[in-house]
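Here's start-v2.tsv, which has TSV, C-alpha atoms:
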chain	number	residue	atom	x	y	z
F	1	MET	CA	0.00	0.00	0.00
F	2	ARG	CA	2.83	2.39	0.96
F	3	GLN	CA	4.56	1.65	-2.35
F	4	LEU	CA	1.37	2.54	-4.21
F	5	THR	CA	1.32	5.93	-2.48
F	6	PHE	CA	4.78	6.64	-3.90
F	7	LEU	CA	3.73	5.43	-7.34
F	8	PHE	CA	0.84	7.89	-7.18
F	9	ILE	CA	3.10	10.77	-6.08
F	10	GLY	CA	5.42	9.85	-8.97
F	11	ILE	CA	2.53	9.95	-11.44
F	12	LEU	CA	1.61	13.41	-10.19
F	13	PHE	CA	5.27	14.43	-10.56
F	14	GLY	CA	5.51	13.03	-14.11
F	15	ILE	CA	2.34	14.80	-15.21
F	16	THR	CA	3.62	18.04	-13.68
F	17	MET	CA	7.04	17.77	-15.36
F	18	TYR	CA	5.45	17.14	-18.75
F	19	LYS	CA	2.59	19.63	-18.57
F	20	SER	CA	4.65	22.46	-17.08
F	21	GLU	CA	7.16	21.84	-19.91
F	22	ALA	CA	10.00	21.58	-17.40
F	23	ALA	CA	10.79	18.32	-19.24
F	24	SER	CA	11.23	20.13	-22.55
F	25	TRP	CA	14.75	20.56	-23.91
F	26	PHE	CA	13.51	23.84	-25.43
F	27	ARG	CA	12.53	25.28	-22.04
F	28	ILE	CA	15.95	24.44	-20.58
F	29	TYR	CA	17.69	25.97	-23.60
F	30	GLU	CA	15.55	29.09	-23.28
F	31	MET	CA	16.21	29.34	-19.55
F	32	PHE	CA	19.97	29.47	-20.14
F	33	GLN	CA	19.38	32.09	-22.83
F	34	PHE	CA	17.44	34.22	-20.29
F	35	ASN	CA	14.72	34.52	-22.92
F	36	SER	CA	11.76	33.54	-20.79
F	37	PHE	CA	10.52	33.81	-17.25
F	38	HIS	CA	8.83	30.39	-17.41
F	39	MET	CA	11.48	28.15	-15.78
F	40	TYR	CA	12.45	30.83	-13.27
F	41	GLY	CA	8.77	31.17	-12.38
F	42	ILE	CA	8.45	27.41	-11.84
F	43	ILE	CA	11.58	27.13	-9.70
F	44	GLY	CA	10.92	30.44	-7.91
F	45	SER	CA	7.29	29.73	-7.00
F	46	SER	CA	8.00	26.18	-5.84
F	47	LEU	CA	10.87	27.54	-3.74
F	48	PHE	CA	8.76	30.29	-2.22
F	49	LEU	CA	6.12	27.76	-1.16
F	50	GLY	CA	8.81	25.24	-0.21
F	51	VAL	CA	10.58	27.60	2.19
F	52	LEU	CA	7.24	28.54	3.76
F	53	MET	CA	6.21	24.89	4.05
F	54	ILE	CA	9.43	23.71	5.69
F	55	GLN	CA	9.41	26.64	8.14
F	56	LEU	CA	5.85	25.70	9.15
F	57	ILE	CA	6.73	22.00	9.44
F	58	LYS	CA	9.63	22.88	11.74
F	59	ARG	CA	7.77	25.46	13.79
F	60	TYR	CA	4.68	23.29	14.41
F	61	LYS	CA	6.71	20.04	14.57
F	62	LEU	CA	4.36	18.44	12.09
F	63	LYS	CA	4.14	14.66	12.14
F	64	SER	CA	4.24	12.44	9.06
F	65	ALA	CA	1.34	10.25	7.94
F	66	TYR	CA	2.79	7.48	10.11
F	67	GLY	CA	2.91	9.64	13.23
F	68	GLU	CA	6.68	10.10	13.16
F	69	PRO	CA	8.30	13.54	13.29
F	70	ILE	CA	9.21	14.89	9.84
F	71	VAL	CA	13.02	15.08	9.67
F	72	ILE	CA	14.79	16.95	6.90
F	73	PRO	CA	18.48	16.11	7.23
F	74	ASP	CA	21.00	18.92	6.77
F	75	LYS	CA	23.41	18.46	3.88
F	76	THR	CA	27.06	17.89	4.77
F	77	LYS	CA	28.98	21.14	4.84
F	78	SER	CA	31.67	21.50	2.24
F	79	PHE	CA	32.41	23.60	-0.79
F	80	TYR	CA	34.29	21.70	-3.47
F	81	ARG	CA	31.90	18.82	-4.02
F	82	TYR	CA	28.97	21.19	-4.49
F	83	ALA	CA	30.85	23.62	-6.72
F	84	TYR	CA	32.60	21.03	-8.92
F	85	GLY	CA	29.73	18.55	-8.94
F	86	GLY	CA	27.29	21.38	-9.60
F	87	ILE	CA	29.27	22.67	-12.58
F	88	ILE	CA	29.58	19.17	-14.06
F	89	PHE	CA	25.85	18.59	-13.59
F	90	GLY	CA	25.07	21.97	-15.20
F	91	LEU	CA	27.15	21.09	-18.27
F	92	GLY	CA	25.12	17.91	-18.70
F	93	TRP	CA	21.79	19.59	-17.95
F	94	ALA	CA	22.31	22.15	-20.72
F	95	LEU	CA	23.62	19.52	-23.15
F	96	ALA	CA	20.99	16.80	-22.72
F	97	GLY	CA	18.33	19.38	-21.79
F	98	ALA	CA	17.01	17.09	-19.08
F	99	CYS	CA	17.70	16.51	-15.41
F	100	PRO	CA	17.02	13.16	-13.67
F	101	GLY	CA	13.28	13.63	-12.99
F	102	PRO	CA	12.32	14.61	-16.54
F	103	ILE	CA	14.48	11.78	-17.96
F	104	PHE	CA	11.93	9.32	-16.53
F	105	THR	CA	8.98	11.43	-17.66
F	106	LEU	CA	10.26	11.62	-21.24
F	107	ILE	CA	10.62	7.83	-21.47
F	108	GLY	CA	6.93	7.59	-20.62
F	109	ALA	CA	6.06	10.32	-23.10
F	110	GLY	CA	7.59	8.14	-25.82
F	111	PHE	CA	10.85	9.97	-26.62
F	112	TYR	CA	12.90	6.79	-26.63
F	113	PRO	CA	16.31	8.34	-27.48
F	114	ILE	CA	16.21	9.69	-23.91
F	115	ILE	CA	17.00	6.11	-22.84
F	116	VAL	CA	20.55	6.77	-24.12
F	117	VAL	CA	20.70	9.71	-21.67
F	118	LEU	CA	19.42	7.50	-18.83
F	119	VAL	CA	21.89	4.67	-19.51
F	120	PHE	CA	24.80	7.12	-19.58
F	121	ALA	CA	23.53	8.92	-16.47
F	122	VAL	CA	23.60	5.57	-14.63
F	123	LEU	CA	27.08	4.96	-16.06
F	124	GLY	CA	28.22	8.44	-14.92
F	125	THR	CA	26.91	7.72	-11.42
F	126	TRP	CA	28.79	4.42	-11.41
F	127	VAL	CA	32.07	6.04	-12.51
F	128	TYR	CA	31.63	8.65	-9.76
F	129	GLY	CA	31.25	5.82	-7.23
F	130	LEU	CA	34.44	4.20	-8.51
F	131	ILE	CA	36.63	7.30	-8.25
F	132	ALA	CA	34.87	9.21	-5.46
F	133	ASP	CA	37.78	8.69	-3.01
F	134	LYS	CA	40.17	10.39	-5.39
F	135	LEU	CA	38.06	13.51	-5.95
F	136	PRO	CA	38.17	16.64	-3.82
F	137	HIS	CA	35.04	16.88	-1.70
H	1	MET	CA	-11.20	21.33	-17.46
H	2	GLU	CA	-9.88	22.87	-20.65
H	3	TRP	CA	-6.82	24.27	-18.83
H	4	ILE	CA	-5.50	20.80	-18.13
H	5	TYR	CA	-5.04	20.11	-21.87
H	6	ASN	CA	-3.09	23.31	-22.44
H	7	PRO	CA	0.51	23.67	-21.27
H	8	TRP	CA	0.54	24.62	-17.60
H	9	PRO	CA	1.78	28.11	-16.77
H	10	TRP	CA	4.61	28.47	-14.25
H	11	TYR	CA	2.21	29.45	-11.46
H	12	ILE	CA	0.60	26.00	-11.69
H	13	GLY	CA	3.79	24.01	-12.32
H	14	GLY	CA	5.76	25.57	-9.45
H	15	PRO	CA	3.10	25.07	-6.74
H	16	MET	CA	2.53	21.50	-7.99
H	17	ILE	CA	6.24	20.75	-7.44
H	18	ALA	CA	5.96	22.23	-3.93
H	19	LEU	CA	2.92	19.99	-3.34
H	20	ILE	CA	4.88	16.92	-4.47
H	21	MET	CA	7.72	17.84	-2.11
H	22	PHE	CA	5.19	18.20	0.70
H	23	LEU	CA	3.58	14.83	-0.06
H	24	LEU	CA	6.98	13.12	0.06
H	25	LEU	CA	7.82	14.81	3.39
H	26	TYR	CA	4.40	13.90	4.74
H	27	PHE	CA	5.02	10.28	3.85
H	28	GLY	CA	8.41	10.43	5.58
H	29	LYS	CA	10.72	10.81	2.57
H	30	ASN	CA	12.87	13.47	0.97
H	31	PHE	CA	12.51	14.64	-2.61
H	32	GLY	CA	15.52	13.67	-4.74
H	33	MET	CA	15.37	12.03	-8.16
H	34	SER	CA	19.07	11.44	-8.86
H	35	SER	CA	19.36	9.00	-5.92
H	36	ASN	CA	17.55	6.57	-8.20
H	37	LEU	CA	20.53	6.52	-10.53
H	38	ARG	CA	22.68	5.27	-7.65
H	39	THR	CA	20.03	2.72	-6.71
H	40	LEU	CA	19.93	1.49	-10.32
H	41	CYS	CA	23.72	0.98	-10.16
H	42	THR	CA	23.31	-1.10	-7.01
H	43	VAL	CA	20.44	-3.11	-8.50
H	44	CYS	CA	22.74	-3.86	-11.47
H	45	GLY	CA	25.39	-5.23	-9.07
H	46	ALA	CA	27.71	-2.22	-8.74
H	47	GLY	CA	28.15	-3.06	-5.03
H	48	LYS	CA	30.88	-5.50	-6.07
H	49	SER	CA	32.94	-2.72	-7.63
H	50	SER	CA	32.69	0.00	-4.99
H	51	GLU	CA	31.59	0.44	-1.38
H	52	PHE	CA	29.59	3.46	-2.51
H	53	PHE	CA	27.01	1.12	-4.03
H	54	ASN	CA	26.99	-1.32	-1.13
H	55	PHE	CA	23.71	-0.45	0.52
H	56	ASP	CA	20.36	-2.09	0.97
H	57	TRP	CA	18.62	-0.85	-2.17
H	58	LYS	CA	15.27	-2.17	-0.92
H	59	LYS	CA	15.23	0.86	1.42
H	60	GLN	CA	15.15	2.99	-1.73
H	61	GLN	CA	12.32	1.04	-3.31
H	62	TRP	CA	9.91	3.88	-2.56
H	63	ASN	CA	12.01	6.22	-4.73
H	64	LEU	CA	12.09	3.70	-7.58
H	65	MET	CA	8.29	3.72	-7.31
H	66	VAL	CA	8.37	7.52	-7.66
H	67	SER	CA	10.47	7.07	-10.84
H	68	ALA	CA	8.09	4.44	-12.18
H	69	GLY	CA	5.28	6.88	-11.46
H	70	ALA	CA	7.17	9.65	-13.26
H	71	ILE	CA	7.35	7.40	-16.35
H	72	LEU	CA	3.63	6.60	-16.10
H	73	GLY	CA	2.81	10.27	-15.49
H	74	GLY	CA	4.75	11.24	-18.60
H	75	ALA	CA	2.77	8.70	-20.63
H	76	ILE	CA	-0.55	9.87	-19.20
H	77	ALA	CA	0.25	13.56	-19.76
H	78	ALA	CA	1.53	13.07	-23.32
H	79	HIS	CA	-1.23	10.73	-24.50
H	80	PHE	CA	-4.32	11.78	-22.58
H	81	LEU	CA	-3.79	15.28	-21.21
H	82	SER	CA	-2.37	17.21	-24.15
H	83	SER	CA	-4.07	18.53	-27.26
H	84	ASP	CA	-0.97	20.10	-28.80
H	85	SER	CA	2.48	19.35	-27.45
H	86	ALA	CA	4.35	22.18	-29.21
H	87	VAL	CA	6.33	24.25	-26.71
H	88	LEU	CA	5.71	27.91	-27.47
H	89	ILE	CA	9.07	29.36	-26.59
H	90	ASN	CA	10.05	32.96	-27.20
H	91	PRO	CA	10.22	33.83	-30.96
H	92	ALA	CA	13.74	35.14	-30.34
H	93	THR	CA	14.75	31.67	-29.05
H	94	ILE	CA	13.05	30.04	-32.05
H	95	SER	CA	15.00	32.09	-34.59
H	96	LYS	CA	18.22	31.52	-32.67
H	97	LEU	CA	17.63	27.75	-32.70
H	98	GLN	CA	16.74	27.80	-36.39
H	99	GLN	CA	20.11	29.40	-37.09
H	100	LEU	CA	21.59	26.38	-35.31
H	101	ASN	CA	19.53	24.07	-37.59
H	102	ILE	CA	17.02	23.13	-34.90
H	103	ASN	CA	14.03	23.71	-37.16
H	104	SER	CA	11.52	21.94	-34.94
H	105	ALA	CA	11.78	24.82	-32.42
H	106	GLY	CA	8.32	26.20	-31.72
H	107	SER	CA	6.49	23.22	-33.20
H	108	ALA	CA	7.57	20.26	-31.06
H	109	TYR	CA	7.95	19.21	-27.42
H	110	LEU	CA	11.57	18.13	-27.86
H	111	PRO	CA	13.88	18.93	-30.80
H	112	GLU	CA	13.32	16.24	-33.44
H	113	GLU	CA	16.91	16.84	-34.50
H	114	LEU	CA	18.04	15.28	-31.19
H	115	PHE	CA	15.22	13.08	-29.89
H	116	SER	CA	13.76	11.22	-32.87
H	117	MET	CA	14.72	7.65	-33.74
H	118	GLN	CA	16.17	8.83	-37.08
H	119	ALA	CA	18.39	11.34	-35.28
H	120	LEU	CA	19.99	8.48	-33.31
H	121	SER	CA	21.90	7.34	-36.40
H	122	ASN	CA	23.77	10.65	-36.37
H	123	PRO	CA	27.03	10.20	-34.39
H	124	ALA	CA	26.98	13.86	-33.25
H	125	VAL	CA	23.53	13.33	-31.70
H	126	LEU	CA	24.66	10.15	-29.97
H	127	LEU	CA	27.61	12.09	-28.59
H	128	ILE	CA	25.38	14.89	-27.26
H	129	LEU	CA	22.96	12.46	-25.58
H	130	SER	CA	25.60	10.16	-24.12
H	131	VAL	CA	28.00	12.85	-22.88
H	132	GLY	CA	25.04	14.88	-21.58
H	133	GLY	CA	23.70	11.89	-19.68
H	134	PHE	CA	27.11	10.95	-18.30
H	135	LEU	CA	27.73	14.48	-16.96
H	136	VAL	CA	24.25	14.61	-15.42
H	137	GLY	CA	24.80	11.31	-13.59
H	138	PHE	CA	28.38	12.00	-12.54
H	139	GLY	CA	27.73	15.61	-11.53
H	140	ALA	CA	24.52	14.90	-9.62
H	141	ARG	CA	26.19	12.28	-7.44
H	142	TYR	CA	29.36	14.35	-6.97
H	143	ALA	CA	27.22	17.31	-5.88
H	144	GLY	CA	25.01	15.03	-3.77
H	145	GLY	CA	21.83	15.96	-5.60
H	146	CYS	CA	20.25	17.35	-8.74
H	147	THR	CA	17.62	19.96	-9.47
H	148	SER	CA	15.05	18.35	-7.15
H	149	GLY	CA	17.51	17.64	-4.31
H	150	HIS	CA	19.34	20.98	-4.30
H	151	ALA	CA	17.41	23.64	-6.27
H	152	ILE	CA	14.05	22.60	-4.79
H	153	SER	CA	14.40	20.73	-1.49
H	154	GLY	CA	17.87	21.94	-0.45
H	155	LEU	CA	17.17	25.61	-1.05
H	156	SER	CA	13.69	25.27	0.51
H	157	ASN	CA	15.45	24.04	3.64
H	158	LEU	CA	17.80	27.07	3.40
H	159	GLN	CA	20.92	24.94	2.92
H	160	LEU	CA	23.83	27.18	1.97
H	161	VAL	CA	25.61	24.29	0.24
H	162	SER	CA	22.61	23.82	-2.06
H	163	LEU	CA	23.12	27.41	-3.14
H	164	TYR	CA	26.73	26.55	-4.07
H	165	ALA	CA	25.41	23.58	-6.07
H	166	VAL	CA	22.72	25.62	-7.83
H	167	ILE	CA	25.23	28.37	-8.72
H	168	GLY	CA	27.39	25.55	-10.09
H	169	PHE	CA	24.43	24.24	-12.16
H	170	PHE	CA	24.12	27.66	-13.76
H	171	VAL	CA	27.85	28.22	-14.26
H	172	GLY	CA	28.07	24.87	-16.07
H	173	GLY	CA	24.77	25.33	-17.89
H	174	LEU	CA	25.53	28.82	-19.16
H	175	PHE	CA	28.97	27.75	-20.32
H	176	MET	CA	27.55	24.78	-22.23
H	177	ASN	CA	24.57	26.68	-23.63
H	178	HIS	CA	26.47	29.73	-24.87
H	179	LEU	CA	29.99	28.54	-25.61
H	180	VAL	CA	29.80	24.84	-26.52
H	181	LEU	CA	26.32	23.92	-27.72
H	182	PRO	CA	26.36	26.29	-30.75
H	183	TYR	CA	29.30	24.28	-32.14
H	184	LEU	CA	27.72	20.90	-31.48
H	185	LEU	CA	24.27	21.45	-32.98
Encoded form (structure tokens):
Amino acid sequence: MRQLTFLFIGILFGITMYKSEAASWFRIYEMFQFNSFHMYGIIGSSLFLGVLMIQLIKRYKLKSAYGEPIVIPDKTKSFYRYAYGGIIFGLGWALAGACPGPIFTLIGAGFYPIIVVLVFAVLGTWVYGLIADKLPH
Amino acid sequence: MEWIYNPWPWYIGGPMIALIMFLLLYFGKNFGMSSNLRTLCTVCGAGKSSEFFNFDWKKQQWNLMVSAGAILGGAIAAHFLSSDSAVLINPATISKLQQLNINSAGSAYLPEELFSMQALSNPAVLLILSVGGFLVGFGARYAGGCTSGHAISGLSNLQLVSLYAVIGFFVGGLFMNHLVLPYLL
């Protein structure tokens, strides 16, 4: 039953990615050209509500559906991994025009060449795992 | 109900993403799509090659369900909830892309020059898709998250390091978009 809940949330996410056009290569291209407010509006409005939501969750110590406290772990503090990793991710995001969420959505929407992107994204993750100890974090 | 068939404006898309983040928190999880790439490595047996993949992937099953849902959602949206899938980008972007031989700009959801089955026989396209994918996977894990993990949930939780990551996303993205992509297309 719990797994079905997550399937349902995923469906909602997939529909949102497709219908808001956040899964469109064109929208990502246009965002990096600063030619449209669309993507900034999507990220900005979800952030505005997100900050509000998390502040409220923390202030009122909201419990999850299973009665446990909602914990949002802090990210480990560092600079290099976020800066270098972020830049590498950005290069790929602008090139493939898709980040991990939309990759899944686009498979469902029937754009099968995106499977090449997925396979290589898994490969990239694997190579990171192999050489992670040697990289500056 | 007509609005649902049209492309959603940002002020629907953004709040929907916030709602999805809330639902995941409410069900005791944190929003992050690139973790699934690591889980897929582990499912494929990568635990033998590196400690990084040695974890109980069944604990991440919920996130694989989210991904499966994202695939289903994409199918539902494309086949049942869209009358016209053309992405109406700015005319200035369309003419810029046409100069780069992306003639499907303004009339398609994704560039046919990159995402059609015919395009796959072009080695340059294969290079763009494979290198793009590799960098997305490598970079997301190096940075400990992607757009959903850092730009949405990390920044919502006021994590300074997520700001470093998001600035990195844009540094890399702007460099690729303005200085490399024009020579690849």
Any idea what's packed within 10 Å of Met16 in chain H, counting only C-alpha atoms, ignoring anything in its chain fewer than 6 positions away? Could you give it as a PDB file with C-alpha atoms, in the frame of the given file?
ATOM      1  CA  LEU F  12       1.610  13.410 -10.190  1.00  0.00           C
ATOM      2  CA  PHE F  13       5.270  14.430 -10.560  1.00  0.00           C
ATOM      3  CA  ILE F  15       2.340  14.800 -15.210  1.00  0.00           C
ATOM      4  CA  THR F  16       3.620  18.040 -13.680  1.00  0.00           C
ATOM      5  CA  MET F  17       7.040  17.770 -15.360  1.00  0.00           C
ATOM      6  CA  SER F  20       4.650  22.460 -17.080  1.00  0.00           C
ATOM      7  CA  ILE F  42       8.450  27.410 -11.840  1.00  0.00           C
ATOM      8  CA  SER F  45       7.290  29.730  -7.000  1.00  0.00           C
ATOM      9  CA  SER F  46       8.000  26.180  -5.840  1.00  0.00           C
ATOM     10  CA  LEU F  49       6.120  27.760  -1.160  1.00  0.00           C
TER      11      LEU F  49
ATOM     12  CA  TRP H  10       4.610  28.470 -14.250  1.00  0.00           C
ATOM     13  CA  PHE H  22       5.190  18.200   0.700  1.00  0.00           C
TER      14      PHE H  22
END
Within 7 Å of Lys19 in chain F, counting all atoms listed in the file, which residues qualify if same-chain residues fewer than 4 places away don't, as a compact mmCIF listing (two decimals) with C-alpha atoms, keeping the file's coordinate frame?
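Done, and the output landed in out_26.txt:
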# COMPACT_ATOMS: atom_id res chain seq x y z
CA ILE F 15 2.34 14.80 -15.21
CA PRO H 7 0.51 23.67 -21.27
CA TRP H 8 0.54 24.62 -17.60
CA ALA H 77 0.25 13.56 -19.76
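You can rank F:Leu106, F:Leu91, F:Ile43, F:Ala65 by their closest distance to Ala70 in chain H using all atoms listed in the file, and at the top of that list sits F:Leu106.
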Taking all atoms of range 33-45 of chain F that the file lists, what box with edges along x, y and z, padded by 3 Å per side, do you get, with centre and edge lengths in Å to one decimal, as lines of an AutoDock Vina configuration file?
center_x = 13.3
center_y = 30.8
center_z = -15.0
size_x = 18.1
size_y = 13.4
size_z = 21.9
Within 12 Å of range 72-79 of chain F using only C-alpha atoms, minus same-chain residues under 4 positions, as a ChimeraX atom specification = /F:54-55,57-58,61-62,64,83-86,136-137 /H:21-22,24-26,28-31,142-145,149-150,153-165,167-168
For chain H, list the residues within 6 Å of chain F, counting only C-alpha atoms, and write the list as an MDAnalysis selection string.
-> chainID H and resid 7:8 10 13:15 17:18 26:28 33:34 37 50 52 62 65:66 69:75 77:78 109:110 115 129:130 132:140 142:143 152 156 164:165 168:174 176:177
Distance CA of Val166 in chain H-CA of Cys146 in chain H, one decimal place?
-> 8.7 Å
What is the distance between CA of Pro91 in chain H and CA of Pro111 in chain H, in Å to one decimal?
->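 Interatomic distance, CA of Pro91 in chain H to CA of Pro111 in chain H: 15.3 Å.
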CA of Asn101 in chain H and CA of Ser82 in chain H, how far apart in Å?
-> 26.6 Å
